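Engineer: My structure is stored as start30.pdb, with PDB, C-alpha atoms, pLDDT in the B column.
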ATOM      1  CA  MET A  11      24.730  -2.654  -7.044  1.00 57.00           C
ATOM      2  CA  ASP A  12      24.608  -1.702  -3.365  1.00 82.00           C
ATOM      3  CA  TRP A  13      24.703  -4.727  -1.064  1.00 85.00           C
ATOM      4  CA  THR A  14      21.615  -3.474   0.787  1.00 88.00           C
ATOM      5  CA  ILE A  15      19.478  -4.065  -2.327  1.00 91.00           C
ATOM      6  CA  TRP A  16      20.408  -7.748  -2.454  1.00 92.00           C
ATOM      7  CA  ALA A  17      20.111  -8.055   1.318  1.00 93.00           C
ATOM      8  CA  GLY A  18      16.632  -6.517   1.155  1.00 92.00           C
ATOM      9  CA  PHE A  19      15.589  -8.901  -1.637  1.00 95.00           C
ATOM     10  CA  GLY A  20      16.799 -11.906   0.342  1.00 94.00           C
ATOM     11  CA  ALA A  21      15.140 -10.741   3.551  1.00 93.00           C
ATOM     12  CA  GLY A  22      11.816 -10.147   1.791  1.00 93.00           C
ATOM     13  CA  LEU A  23      11.938 -13.568   0.116  1.00 95.00           C
ATOM     14  CA  LEU A  24      12.725 -15.501   3.296  1.00 94.00           C
ATOM     15  CA  ILE A  25      10.332 -13.653   5.578  1.00 91.00           C
ATOM     16  CA  SER A  26       7.355 -13.784   3.202  1.00 93.00           C
ATOM     17  CA  THR A  27       7.773 -17.502   2.515  1.00 94.00           C
ATOM     18  CA  VAL A  28       7.446 -18.192   6.240  1.00 90.00           C
ATOM     19  CA  THR A  29       4.706 -15.684   7.082  1.00 89.00           C
ATOM     20  CA  ALA A  30       2.336 -15.810   4.061  1.00 91.00           C
ATOM     21  CA  PRO A  31       0.764 -19.173   5.064  1.00 91.00           C
ATOM     22  CA  VAL A  32      -0.561 -17.567   8.269  1.00 89.00           C
ATOM     23  CA  GLY A  33      -1.768 -14.293   6.744  1.00 87.00           C
ATOM     24  CA  VAL A  34       1.151 -12.077   7.738  1.00 84.00           C
ATOM     25  CA  SER A  35       2.889 -10.062   5.022  1.00 83.00           C
ATOM     26  CA  GLY A  36       6.191 -10.109   6.912  1.00 83.00           C
ATOM     27  CA  ALA A  37       6.616  -6.338   7.044  1.00 81.00           C
ATOM     28  CA  VAL A  38       6.510  -6.367  10.823  1.00 76.00           C
ATOM     29  CA  PHE A  39       9.570  -8.652  10.859  1.00 81.00           C
ATOM     30  CA  LEU A  40      11.226  -6.685   8.077  1.00 85.00           C
ATOM     31  CA  LEU A  41      10.965  -3.497  10.144  1.00 78.00           C
ATOM     32  CA  PRO A  42      13.850  -4.279  12.561  1.00 76.00           C
ATOM     33  CA  VAL A  43      15.966  -5.529   9.628  1.00 85.00           C
ATOM     34  CA  GLN A  44      15.531  -2.205   7.875  1.00 85.00           C
ATOM     35  CA  LEU A  45      16.297  -0.204  11.014  1.00 77.00           C
ATOM     36  CA  SER A  46      19.198  -2.220  12.401  1.00 77.00           C
ATOM     37  CA  VAL A  47      20.830  -3.818   9.332  1.00 84.00           C
ATOM     38  CA  LEU A  48      19.888  -1.771   6.279  1.00 84.00           C
ATOM     39  CA  GLY A  49      20.044   1.623   7.972  1.00 82.00           C
ATOM     40  CA  VAL A  50      16.698   3.078   6.855  1.00 80.00           C
ATOM     41  CA  PRO A  51      15.984   6.203   8.951  1.00 75.00           C
ATOM     42  CA  SER A  52      12.801   6.795  10.938  1.00 70.00           C
ATOM     43  CA  PRO A  53      10.073   7.689   9.975  1.00 68.00           C
ATOM     44  CA  ALA A  54      11.058   6.796   6.369  1.00 75.00           C
ATOM     45  CA  VAL A  55      11.140   3.127   7.441  1.00 78.00           C
ATOM     46  CA  THR A  56       7.339   3.163   7.750  1.00 75.00           C
ATOM     47  CA  PRO A  57       6.483   4.072   4.129  1.00 79.00           C
ATOM     48  CA  THR A  58       9.313   1.795   2.953  1.00 84.00           C
ATOM     49  CA  ASN A  59       7.591  -1.067   4.768  1.00 82.00           C
ATOM     50  CA  LEU A  60       4.267  -0.087   3.213  1.00 80.00           C
ATOM     51  CA  LEU A  61       5.929  -0.098  -0.220  1.00 87.00           C
ATOM     52  CA  PHE A  62       7.155  -3.618   0.532  1.00 91.00           C
ATOM     53  CA  ASN A  63       3.571  -4.691   1.269  1.00 88.00           C
ATOM     54  CA  VAL A  64       2.285  -3.143  -1.965  1.00 90.00           C
ATOM     55  CA  VAL A  65       4.862  -4.913  -4.144  1.00 93.00           C
ATOM     56  CA  ALA A  66       4.885  -8.218  -2.235  1.00 92.00           C
ATOM     57  CA  GLY A  67       1.139  -8.573  -1.635  1.00 91.00           C
ATOM     58  CA  PRO A  68      -0.042  -9.724  -5.095  1.00 93.00           C
ATOM     59  CA  GLY A  69       2.124 -12.856  -4.993  1.00 92.00           C
ATOM     60  CA  ALA A  70       0.261 -14.516  -2.114  1.00 93.00           C
ATOM     61  CA  LEU A  71      -3.114 -12.983  -3.009  1.00 93.00           C
ATOM     62  CA  TRP A  72      -2.994 -14.266  -6.582  1.00 92.00           C
ATOM     63  CA  ARG A  73      -2.300 -17.764  -5.330  1.00 92.00           C
ATOM     64  CA  TYR A  74      -5.048 -17.605  -2.683  1.00 91.00           C
ATOM     65  CA  ARG A  75      -7.534 -16.278  -5.249  1.00 89.00           C
ATOM     66  CA  ARG A  76      -6.594 -19.024  -7.674  1.00 88.00           C
ATOM     67  CA  ASP A  77      -7.276 -21.599  -4.943  1.00 86.00           C
ATOM     68  CA  GLY A  78     -10.651 -19.987  -4.115  1.00 85.00           C
ATOM     69  CA  ALA A  79      -9.551 -18.991  -0.612  1.00 82.00           C
ATOM     70  CA  LEU A  80     -10.636 -15.336  -0.967  1.00 81.00           C
ATOM     71  CA  ARG A  81     -14.338 -16.136  -1.207  1.00 79.00           C
ATOM     72  CA  GLY A  82     -16.584 -14.741   1.497  1.00 76.00           C
ATOM     73  CA  GLY A  83     -17.013 -11.332   3.066  1.00 86.00           C
ATOM     74  CA  LEU A  84     -14.368 -11.340   5.802  1.00 90.00           C
ATOM     75  CA  ALA A  85     -11.704  -9.736   3.600  1.00 88.00           C
ATOM     76  CA  ARG A  86     -14.130  -7.045   2.439  1.00 90.00           C
ATOM     77  CA  ARG A  87     -15.160  -6.171   5.986  1.00 91.00           C
ATOM     78  CA  LEU A  88     -11.561  -5.963   7.169  1.00 92.00           C
ATOM     79  CA  VAL A  89     -10.599  -3.721   4.254  1.00 90.00           C
ATOM     80  CA  THR A  90     -13.574  -1.409   4.848  1.00 91.00           C
ATOM     81  CA  TRP A  91     -12.471  -0.573   8.384  1.00 91.00           C
ATOM     82  CA  THR A  92      -8.680  -0.781   8.200  1.00 90.00           C
ATOM     83  CA  LEU A  93      -8.569   1.629   5.260  1.00 89.00           C
ATOM     84  CA  PRO A  94      -9.612   4.809   7.144  1.00 89.00           C
ATOM     85  CA  GLY A  95      -7.481   3.716  10.084  1.00 88.00           C
ATOM     86  CA  VAL A  96      -4.241   3.501   8.113  1.00 84.00           C
ATOM     87  CA  ILE A  97      -4.666   7.014   6.699  1.00 84.00           C
ATOM     88  CA  THR A  98      -5.287   8.366  10.193  1.00 86.00           C
ATOM     89  CA  GLY A  99      -2.232   6.496  11.451  1.00 81.00           C
ATOM     90  CA  ALA A 100      -0.027   8.000   8.751  1.00 76.00           C
ATOM     91  CA  VAL A 101      -1.024  11.533   9.794  1.00 80.00           C
ATOM     92  CA  ILE A 102      -0.359  10.723  13.461  1.00 80.00           C
ATOM     93  CA  ARG A 103       3.040   9.203  12.625  1.00 71.00           C
ATOM     94  CA  VAL A 104       4.316  12.228  10.685  1.00 69.00           C
ATOM     95  CA  PHE A 105       3.011  15.023  12.893  1.00 71.00           C
ATOM     96  CA  ALA A 106       2.549  13.639  16.406  1.00 69.00           C
ATOM     97  CA  LEU A 107       4.349  10.357  17.115  1.00 61.00           C
ATOM     98  CA  PRO A 108       7.780  10.003  15.477  1.00 53.00           C
ATOM     99  CA  GLY A 109       9.313   7.740  18.148  1.00 59.00           C
ATOM    100  CA  PRO A 110       9.021   3.927  18.257  1.00 60.00           C
ATOM    101  CA  ASP A 111       8.879   3.337  22.032  1.00 68.00           C
ATOM    102  CA  VAL A 112       5.097   3.488  22.448  1.00 66.00           C
ATOM    103  CA  PHE A 113       4.623   1.125  19.515  1.00 64.00           C
ATOM    104  CA  ARG A 114       7.077  -1.396  20.933  1.00 71.00           C
ATOM    105  CA  ILE A 115       5.357  -1.414  24.308  1.00 77.00           C
ATOM    106  CA  LEU A 116       1.895  -1.847  22.778  1.00 70.00           C
ATOM    107  CA  VAL A 117       2.961  -4.616  20.412  1.00 70.00           C
ATOM    108  CA  ALA A 118       4.826  -6.479  23.153  1.00 80.00           C
ATOM    109  CA  ALA A 119       1.868  -6.200  25.543  1.00 79.00           C
ATOM    110  CA  LEU A 120      -0.532  -7.557  22.917  1.00 72.00           C
ATOM    111  CA  LEU A 121       1.419 -10.164  20.982  1.00 77.00           C
ATOM    112  CA  LEU A 122       3.562 -11.792  23.666  1.00 85.00           C
ATOM    113  CA  PRO A 123       0.664 -13.124  25.786  1.00 85.00           C
ATOM    114  CA  LEU A 124      -1.589 -13.676  22.762  1.00 79.00           C
ATOM    115  CA  GLY A 125       1.052 -15.645  20.860  1.00 83.00           C
ATOM    116  CA  THR A 126       1.944 -17.697  23.930  1.00 86.00           C
ATOM    117  CA  TRP A 127      -1.707 -18.495  24.583  1.00 81.00           C
ATOM    118  CA  LEU A 128      -2.382 -19.390  20.952  1.00 81.00           C
ATOM    119  CA  GLY A 129       0.608 -21.726  20.834  1.00 82.00           C
ATOM    120  CA  TRP A 130      -0.371 -23.360  24.117  1.00 81.00           C
ATOM    121  CA  ARG A 131      -3.991 -23.905  23.083  1.00 75.00           C
ATOM    122  CA  THR A 132      -2.888 -25.298  19.727  1.00 76.00           C
ATOM    123  CA  LEU A 133      -0.958 -28.003  21.547  1.00 76.00           C
ATOM    124  CA  ARG A 134      -4.196 -28.934  23.359  1.00 70.00           C
ATOM    125  CA  PRO A 135      -6.524 -29.651  20.393  1.00 56.00           C
ATOM    126  CA  ALA A 136      -9.154 -31.459  22.466  1.00 48.00           C
ATOM    127  CA  ARG A 137      -9.948 -28.228  24.301  1.00 49.00           C
ATOM    128  CA  HIS A 138      -9.539 -25.875  21.349  1.00 47.00           C
ATOM    129  CA  ARG A 139     -12.719 -24.939  19.478  1.00 55.00           C
ATOM    130  CA  LEU A 140     -12.109 -24.553  15.754  1.00 53.00           C
ATOM    131  CA  GLY A 141     -14.550 -23.213  13.207  1.00 56.00           C
ATOM    132  CA  ALA A 142     -15.819 -20.401  15.439  1.00 62.00           C
ATOM    133  CA  ALA A 143     -17.776 -17.541  13.916  1.00 68.00           C
ATOM    134  CA  GLU A 144     -16.061 -14.241  13.229  1.00 78.00           C
ATOM    135  CA  PRO A 145     -16.514 -11.403  15.742  1.00 85.00           C
ATOM    136  CA  SER A 146     -19.745  -9.403  15.660  1.00 88.00           C
ATOM    137  CA  PRO A 147     -19.833  -6.556  13.096  1.00 88.00           C
ATOM    138  CA  PRO A 148     -19.204  -3.807  15.714  1.00 92.00           C
ATOM    139  CA  ALA A 149     -16.353  -5.770  17.330  1.00 91.00           C
ATOM    140  CA  LEU A 150     -14.779  -6.566  13.960  1.00 92.00           C
ATOM    141  CA  ALA A 151     -15.083  -2.919  12.890  1.00 93.00           C
ATOM    142  CA  ALA A 152     -13.433  -1.680  16.104  1.00 93.00           C
ATOM    143  CA  LEU A 153     -10.643  -4.251  15.803  1.00 91.00           C
ATOM    144  CA  ALA A 154      -9.940  -3.497  12.145  1.00 92.00           C
ATOM    145  CA  LEU A 155     -10.038   0.283  12.654  1.00 92.00           C
ATOM    146  CA  THR A 156      -7.621   0.096  15.590  1.00 90.00           C
ATOM    147  CA  VAL A 157      -5.257  -2.193  13.698  1.00 87.00           C
ATOM    148  CA  GLY A 158      -5.446   0.144  10.708  1.00 86.00           C
ATOM    149  CA  VAL A 159      -4.325   3.103  12.826  1.00 86.00           C
ATOM    150  CA  VAL A 160      -1.440   1.122  14.321  1.00 79.00           C
ATOM    151  CA  GLY A 161      -0.474  -0.169  10.887  1.00 75.00           C
ATOM    152  CA  GLY A 162      -0.527   3.338   9.443  1.00 75.00           C
ATOM    153  CA  ILE A 163       1.724   4.613  12.222  1.00 74.00           C
ATOM    154  CA  TYR A 164       4.312   1.863  11.964  1.00 69.00           C
ATOM    155  CA  GLY A 165       3.905   0.426   8.472  1.00 63.00           C
ATOM    156  CA  ILE A 166       3.108  -3.141   9.453  1.00 68.00           C
ATOM    157  CA  GLY A 167      -0.037  -3.600   7.381  1.00 68.00           C
ATOM    158  CA  GLY A 168      -1.967  -5.155  10.270  1.00 75.00           C
ATOM    159  CA  GLY A 169      -1.964  -8.846   9.423  1.00 76.00           C
ATOM    160  CA  SER A 170       0.451  -9.616  12.248  1.00 76.00           C
ATOM    161  CA  LEU A 171      -2.138  -8.209  14.676  1.00 81.00           C
ATOM    162  CA  LEU A 172      -5.392  -9.280  13.001  1.00 87.00           C
ATOM    163  CA  GLY A 173      -4.224 -12.844  12.352  1.00 85.00           C
ATOM    164  CA  PRO A 174      -3.458 -13.864  15.945  1.00 85.00           C
ATOM    165  CA  VAL A 175      -6.628 -12.215  17.295  1.00 85.00           C
ATOM    166  CA  LEU A 176      -8.934 -13.942  14.792  1.00 88.00           C
ATOM    167  CA  ALA A 177      -7.093 -17.257  15.094  1.00 85.00           C
ATOM    168  CA  ALA A 178      -7.331 -17.072  18.893  1.00 80.00           C
ATOM    169  CA  ARG A 179     -11.132 -17.026  18.508  1.00 80.00           C
ATOM    170  CA  GLY A 180     -10.896 -20.385  16.762  1.00 81.00           C
ATOM    171  CA  MET A 181     -11.365 -19.225  13.173  1.00 86.00           C
ATOM    172  CA  PRO A 182      -9.617 -21.586  10.701  1.00 87.00           C
ATOM    173  CA  MET A 183      -6.343 -20.373   9.209  1.00 87.00           C
ATOM    174  CA  ALA A 184      -7.547 -21.134   5.673  1.00 87.00           C
ATOM    175  CA  ARG A 185     -10.104 -18.354   6.175  1.00 88.00           C
ATOM    176  CA  VAL A 186      -8.024 -15.968   8.277  1.00 90.00           C
ATOM    177  CA  ALA A 187      -4.816 -15.864   6.205  1.00 91.00           C
ATOM    178  CA  PRO A 188      -6.223 -14.709   2.829  1.00 92.00           C
ATOM    179  CA  ALA A 189      -8.489 -12.103   4.464  1.00 92.00           C
ATOM    180  CA  THR A 190      -5.762 -10.522   6.590  1.00 91.00           C
ATOM    181  CA  LEU A 191      -3.360 -10.412   3.643  1.00 91.00           C
ATOM    182  CA  ALA A 192      -6.031  -8.726   1.504  1.00 91.00           C
ATOM    183  CA  ALA A 193      -6.547  -6.096   4.209  1.00 89.00           C
ATOM    184  CA  THR A 194      -2.790  -5.604   4.530  1.00 88.00           C
ATOM    185  CA  PHE A 195      -2.346  -5.131   0.790  1.00 91.00           C
ATOM    186  CA  THR A 196      -5.211  -2.648   0.383  1.00 88.00           C
ATOM    187  CA  THR A 197      -4.353  -0.537   3.395  1.00 84.00           C
ATOM    188  CA  SER A 198      -0.681  -0.492   2.439  1.00 83.00           C
ATOM    189  CA  ILE A 199      -1.570   1.099  -0.906  1.00 87.00           C
ATOM    190  CA  ALA A 200      -3.533   3.794   0.921  1.00 83.00           C
ATOM    191  CA  GLY A 201      -0.789   4.243   3.532  1.00 78.00           C
ATOM    192  CA  ALA A 202       1.993   4.534   0.960  1.00 78.00           C
ATOM    193  CA  ALA A 203      -0.031   7.133  -0.959  1.00 81.00           C
ATOM    194  CA  ALA A 204      -0.697   9.061   2.259  1.00 77.00           C
ATOM    195  CA  TYR A 205       3.001   9.143   3.145  1.00 72.00           C
ATOM    196  CA  ALA A 206       3.899  10.267  -0.368  1.00 75.00           C
ATOM    197  CA  ALA A 207       1.490  13.187   0.032  1.00 78.00           C
ATOM    198  CA  LEU A 208       2.618  13.986   3.577  1.00 72.00           C
ATOM    199  CA  ALA A 209       6.252  14.025   2.430  1.00 70.00           C
ATOM    200  CA  GLN A 210       5.454  17.276   0.641  1.00 74.00           C
ATOM    201  CA  ALA A 211       4.498  18.912   3.948  1.00 68.00           C
ATOM    202  CA  SER A 212       7.346  17.585   6.101  1.00 64.00           C
ATOM    203  CA  SER A 213      11.047  18.431   6.132  1.00 62.00           C
ATOM    204  CA  GLY A 214      12.041  15.085   7.678  1.00 61.00           C
ATOM    205  CA  PRO A 215      12.820  11.750   5.949  1.00 59.00           C
ATOM    206  CA  VAL A 216       9.180  10.832   5.295  1.00 64.00           C
ATOM    207  CA  ALA A 217       9.412   9.516   1.720  1.00 70.00           C
ATOM    208  CA  PRO A 218      10.196   5.792   1.336  1.00 77.00           C
ATOM    209  CA  ASP A 219      13.550   4.394   0.287  1.00 83.00           C
ATOM    210  CA  TRP A 220      12.200   3.486  -3.150  1.00 86.00           C
ATOM    211  CA  TRP A 221      14.932   1.141  -4.390  1.00 90.00           C
ATOM    212  CA  LEU A 222      15.197  -0.774  -1.153  1.00 91.00           C
ATOM    213  CA  GLY A 223      11.424  -1.006  -0.767  1.00 89.00           C
ATOM    214  CA  LEU A 224      11.113  -2.354  -4.312  1.00 93.00           C
ATOM    215  CA  ALA A 225      13.914  -4.877  -3.751  1.00 94.00           C
ATOM    216  CA  CYS A 226      12.363  -6.145  -0.511  1.00 94.00           C
ATOM    217  CA  GLY A 227       8.966  -6.231  -2.214  1.00 94.00           C
ATOM    218  CA  LEU A 228      10.179  -8.277  -5.186  1.00 96.00           C
ATOM    219  CA  GLY A 229      11.624 -10.816  -2.776  1.00 95.00           C
ATOM    220  CA  GLY A 230       8.347 -10.796  -0.881  1.00 94.00           C
ATOM    221  CA  LEU A 231       6.372 -11.220  -4.123  1.00 95.00           C
ATOM    222  CA  ILE A 232       8.129 -14.510  -4.813  1.00 96.00           C
ATOM    223  CA  GLY A 233       8.152 -15.607  -1.185  1.00 95.00           C
ATOM    224  CA  GLY A 234       4.483 -14.766  -0.694  1.00 94.00           C
ATOM    225  CA  TYR A 235       3.459 -16.880  -3.684  1.00 95.00           C
ATOM    226  CA  LEU A 236       5.535 -19.794  -2.417  1.00 95.00           C
ATOM    227  CA  GLY A 237       4.102 -19.481   1.083  1.00 93.00           C
ATOM    228  CA  ALA A 238       0.501 -19.304  -0.158  1.00 93.00           C
ATOM    229  CA  ARG A 239       1.110 -22.331  -2.345  1.00 93.00           C
ATOM    230  CA  LEU A 240       2.388 -24.268   0.651  1.00 92.00           C
ATOM    231  CA  GLN A 241      -0.508 -23.339   2.941  1.00 91.00           C
ATOM    232  CA  PRO A 242      -3.107 -25.910   1.764  1.00 89.00           C
ATOM    233  CA  HIS A 243      -0.554 -28.670   2.300  1.00 90.00           C
ATOM    234  CA  LEU A 244       0.227 -27.701   5.896  1.00 89.00           C
ATOM    235  CA  PRO A 245      -1.932 -29.011   8.765  1.00 90.00           C
ATOM    236  CA  GLU A 246      -4.099 -26.519  10.668  1.00 86.00           C
ATOM    237  CA  THR A 247      -2.275 -27.303  13.906  1.00 87.00           C
ATOM    238  CA  ALA A 248       1.102 -26.449  12.362  1.00 89.00           C
ATOM    239  CA  LEU A 249      -0.220 -23.175  10.917  1.00 89.00           C
ATOM    240  CA  ARG A 250      -1.762 -22.072  14.205  1.00 86.00           C
ATOM    241  CA  PHE A 251       1.366 -22.977  16.133  1.00 89.00           C
ATOM    242  CA  LEU A 252       3.493 -21.080  13.596  1.00 89.00           C
ATOM    243  CA  LEU A 253       1.303 -17.987  13.957  1.00 87.00           C
ATOM    244  CA  GLY A 254       1.471 -18.194  17.752  1.00 86.00           C
ATOM    245  CA  THR A 255       5.246 -18.611  17.630  1.00 89.00           C
ATOM    246  CA  LEU A 256       5.657 -15.629  15.292  1.00 86.00           C
ATOM    247  CA  ALA A 257       3.437 -13.462  17.480  1.00 83.00           C
ATOM    248  CA  ALA A 258       5.241 -14.420  20.694  1.00 88.00           C
ATOM    249  CA  THR A 259       8.657 -13.955  19.064  1.00 86.00           C
ATOM    250  CA  LEU A 260       7.711 -10.520  17.828  1.00 80.00           C
ATOM    251  CA  GLY A 261       6.346  -9.536  21.238  1.00 83.00           C
ATOM    252  CA  THR A 262       9.525 -10.733  22.947  1.00 87.00           C
ATOM    253  CA  MET A 263      11.697  -8.886  20.450  1.00 80.00           C
ATOM    254  CA  TYR A 264       9.952  -5.573  20.992  1.00 76.00           C
ATOM    255  CA  ALA A 265       9.835  -6.036  24.769  1.00 81.00           C
ATOM    256  CA  SER A 266      13.605  -6.555  24.846  1.00 82.00           C
ATOM    257  CA  GLN A 267      14.150  -3.477  22.668  1.00 72.00           C
ATOM    258  CA  THR A 268      12.032  -1.405  25.033  1.00 69.00           C
ATOM    259  CA  LEU A 269      13.916  -2.609  28.108  1.00 71.00           C
ATOM    260  CA  TYR A 270      17.401  -2.255  26.634  1.00 63.00           C
TER
END
As structure tokens, what does this structure read like?
Structural biologist:
Amino acid sequence: MDWTIWAGFGAGLLISTVTAPVGVSGAVFLLPVQLSVLGVPSPAVTPTNLLFNVVAGPGALWRYRRDGALRGGLARRLVTWTLPGVITGAVIRVFALPGPDVFRILVAALLLPLGTWLGWRTLRPARHRLGAAEPSPPALAALALTVGVVGGIYGIGGGSLLGPVLAARGMPMARVAPATLAATFTTSIAGAAAYAALAQASSGPVAPDWWLGLACGLGGLIGGYLGARLQPHLPETALRFLLGTLAATLGTMYASQTLY
């Protein structure tokens, strides 16, 4: 068996174990691995990432549902608005925006300061207000729709963007993580289907790398379950600091890629 299949499985397992407790599928960190190490071409890397989310998602979601963490309407509201966004993003990606530079700039500009701020405020618990209400319905709709478009363009699902924004408002991670993973899973199904359909109308490498996506996803399925199982046993401060660190690391990574 090709070494990339085993490498993809291992990468999906490791990344999902670390990111599932904070509501991030891990696809956004898998993206540079696929491009730089596994050699997946662009834009095929986007639907391959979405395929990873589809296969990996049920592991963490099943565990969160079993623990009762998916109760409430936040997940439903996020899904409602990210779903049309991801389909729109897929169309934009195939026909209007094949290059990664704009995405890297936007992600770096958003996540680097947001992750740094979230980590800093987490280390100052006396001044950090936890248990805050979710954004107003119009603000949540605008946020989820925008994240859906970005996720559809670059195959990141959206949890890596939604999670830090909602956590920065003071919402508890036990509520944020299951909801953002549910939105990521649902929109990834729609995005993968959209790319499969768009592949029929494009001559470029639009279809996913099926075997690699499945291998990464199987690793993520196991890792996501393990990460979700660990989440209730991790303190809120550690989870918030982990999310801030992941966001800042991702922002720094994309900023350096843009500059060099």
Engineer: Running the PyMOL selection byres ((chain A and resi 190) around 7) on this model by hand, what would come out? Give it as a compact mmCIF listing (two decimals) with C-alpha atoms, keeping the file's coordinate frame.
Structural biologist:
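The resulting part-v5.txt:
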# COMPACT_ATOMS: atom_id res chain seq x y z
CA GLY A 33 -1.77 -14.29 6.74
CA ALA A 85 -11.70 -9.74 3.60
CA GLY A 169 -1.96 -8.85 9.42
CA LEU A 172 -5.39 -9.28 13.00
CA GLY A 173 -4.22 -12.84 12.35
CA VAL A 186 -8.02 -15.97 8.28
CA ALA A 187 -4.82 -15.86 6.20
CA PRO A 188 -6.22 -14.71 2.83
CA ALA A 189 -8.49 -12.10 4.46
CA LEU A 191 -3.36 -10.41 3.64
CA ALA A 192 -6.03 -8.73 1.50
CA ALA A 193 -6.55 -6.10 4.21
CA THR A 194 -2.79 -5.60 4.53
Engineer: Name every residue that the PyMOL selection byres ((chain A and resi 60-73) around 6) selects in this structure, writing the answer as a ChimeraX atom specification with chains first and numbers rising.
Structural biologist: /A:57-59,74-76,165,195,198-199,202,223,226-227,230-231,234-235,238
Engineer: Atoms to include: C-alpha atoms. Write the selected residues as a PDB file, in the frame of the given file.
Structural biologist:
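Output below, filename again.pdb:
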ATOM      1  CA  PRO A  57       6.483   4.072   4.129  1.00 79.00           C
ATOM      2  CA  THR A  58       9.313   1.795   2.953  1.00 84.00           C
ATOM      3  CA  ASN A  59       7.591  -1.067   4.768  1.00 82.00           C
ATOM      4  CA  TYR A  74      -5.048 -17.605  -2.683  1.00 91.00           C
ATOM      5  CA  ARG A  75      -7.534 -16.278  -5.249  1.00 89.00           C
ATOM      6  CA  ARG A  76      -6.594 -19.024  -7.674  1.00 88.00           C
ATOM      7  CA  GLY A 165       3.905   0.426   8.472  1.00 63.00           C
ATOM      8  CA  PHE A 195      -2.346  -5.131   0.790  1.00 91.00           C
ATOM      9  CA  SER A 198      -0.681  -0.492   2.439  1.00 83.00           C
ATOM     10  CA  ILE A 199      -1.570   1.099  -0.906  1.00 87.00           C
ATOM     11  CA  ALA A 202       1.993   4.534   0.960  1.00 78.00           C
ATOM     12  CA  GLY A 223      11.424  -1.006  -0.767  1.00 89.00           C
ATOM     13  CA  CYS A 226      12.363  -6.145  -0.511  1.00 94.00           C
ATOM     14  CA  GLY A 227       8.966  -6.231  -2.214  1.00 94.00           C
ATOM     15  CA  GLY A 230       8.347 -10.796  -0.881  1.00 94.00           C
ATOM     16  CA  LEU A 231       6.372 -11.220  -4.123  1.00 95.00           C
ATOM     17  CA  GLY A 234       4.483 -14.766  -0.694  1.00 94.00           C
ATOM     18  CA  TYR A 235       3.459 -16.880  -3.684  1.00 95.00           C
ATOM     19  CA  ALA A 238       0.501 -19.304  -0.158  1.00 93.00           C
TER      20      ALA A 238
END
Engineer: Can you pull out the residues contacting A:Gly20? Cut-off 12 Å, using all atoms listed in the file, and skip same-chain residues under 3 positions away; I want them as a compact mmCIF listing (two decimals) with C-alpha atoms, keeping the file's coordinate frame.
Structural biologist:
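Result file part_17.txt:
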# COMPACT_ATOMS: atom_id res chain seq x y z
CA TRP A 13 24.70 -4.73 -1.06
CA THR A 14 21.62 -3.47 0.79
CA ILE A 15 19.48 -4.07 -2.33
CA TRP A 16 20.41 -7.75 -2.45
CA ALA A 17 20.11 -8.06 1.32
CA LEU A 23 11.94 -13.57 0.12
CA LEU A 24 12.72 -15.50 3.30
CA ILE A 25 10.33 -13.65 5.58
CA SER A 26 7.36 -13.78 3.20
CA THR A 27 7.77 -17.50 2.52
CA LEU A 40 11.23 -6.68 8.08
CA VAL A 43 15.97 -5.53 9.63
CA LEU A 222 15.20 -0.77 -1.15
CA ALA A 225 13.91 -4.88 -3.75
CA CYS A 226 12.36 -6.14 -0.51
CA GLY A 227 8.97 -6.23 -2.21
CA LEU A 228 10.18 -8.28 -5.19
CA GLY A 229 11.62 -10.82 -2.78
CA GLY A 230 8.35 -10.80 -0.88
CA LEU A 231 6.37 -11.22 -4.12
CA ILE A 232 8.13 -14.51 -4.81
CA GLY A 233 8.15 -15.61 -1.18
Engineer: Please, what distance in Å, to one decimal, runs between atom CA of A:Pro245 and atom CA of A:Gly158?
Structural biologist: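 Interatomic distance here is 29.4 Å.
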Engineer: Mind pulling up the distance from atom CA of A:Arg250 to atom CA of A:Arg134?
Structural biologist: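 Taking atom CA of A:Arg134 as the start and atom CA of A:Arg250 as the end point, the length is 11.7 Å.
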Engineer: Here is a test: counting only C-alpha atoms, which residue of A:Leu256, A:Val28, A:Leu208, A:Leu120 is nearest to A:Arg103?
Structural biologist: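 Using only C-alpha atoms, the shortest distance to A:Arg103 belongs to A:Leu208.
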Engineer: Once the PyMOL selection byres ((chain A and resi 129) around 12) is applied to the coordinates I shared, what remains selected? I want it as a ChimeraX atom specification.
Structural biologist: /A:121-128,130-135,138,174,177-178,247-259
Engineer: Between A:Leu260, A:Ala206, A:Leu80, A:Ala154, which one has atoms that come closest to A:Val96, using only C-alpha atoms?
Structural biologist: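 Closest candidate: A:Ala154.
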Engineer: With distances taken over only C-alpha atoms, which residue among A:Pro218, A:Pro31, A:Pro145, A:Gly95 lies nearest A:Tyr205?
Structural biologist: A:Pro218
Engineer: Between A:Ala118, A:Val101, A:Gly201, A:Arg87, which is the closest to A:Ala149 once you count all atoms listed in the file?
Structural biologist: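 Looking at the shortest contact to A:Ala149, the residue is A:Arg87.
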Engineer: Would you mind reading off the distance between atom CA of A:Val55 and atom CA of A:Leu41, one decimal, in Å?
Structural biologist: 7.2 Å
Engineer: Could you check the closest approach to A:Leu93 for each of A:Val159, A:Leu171, A:Ala184, A:Met263 and tell me which residue wins, using only C-alpha atoms?
Structural biologist: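 Selected residue with least distance to A:Leu93: A:Val159.
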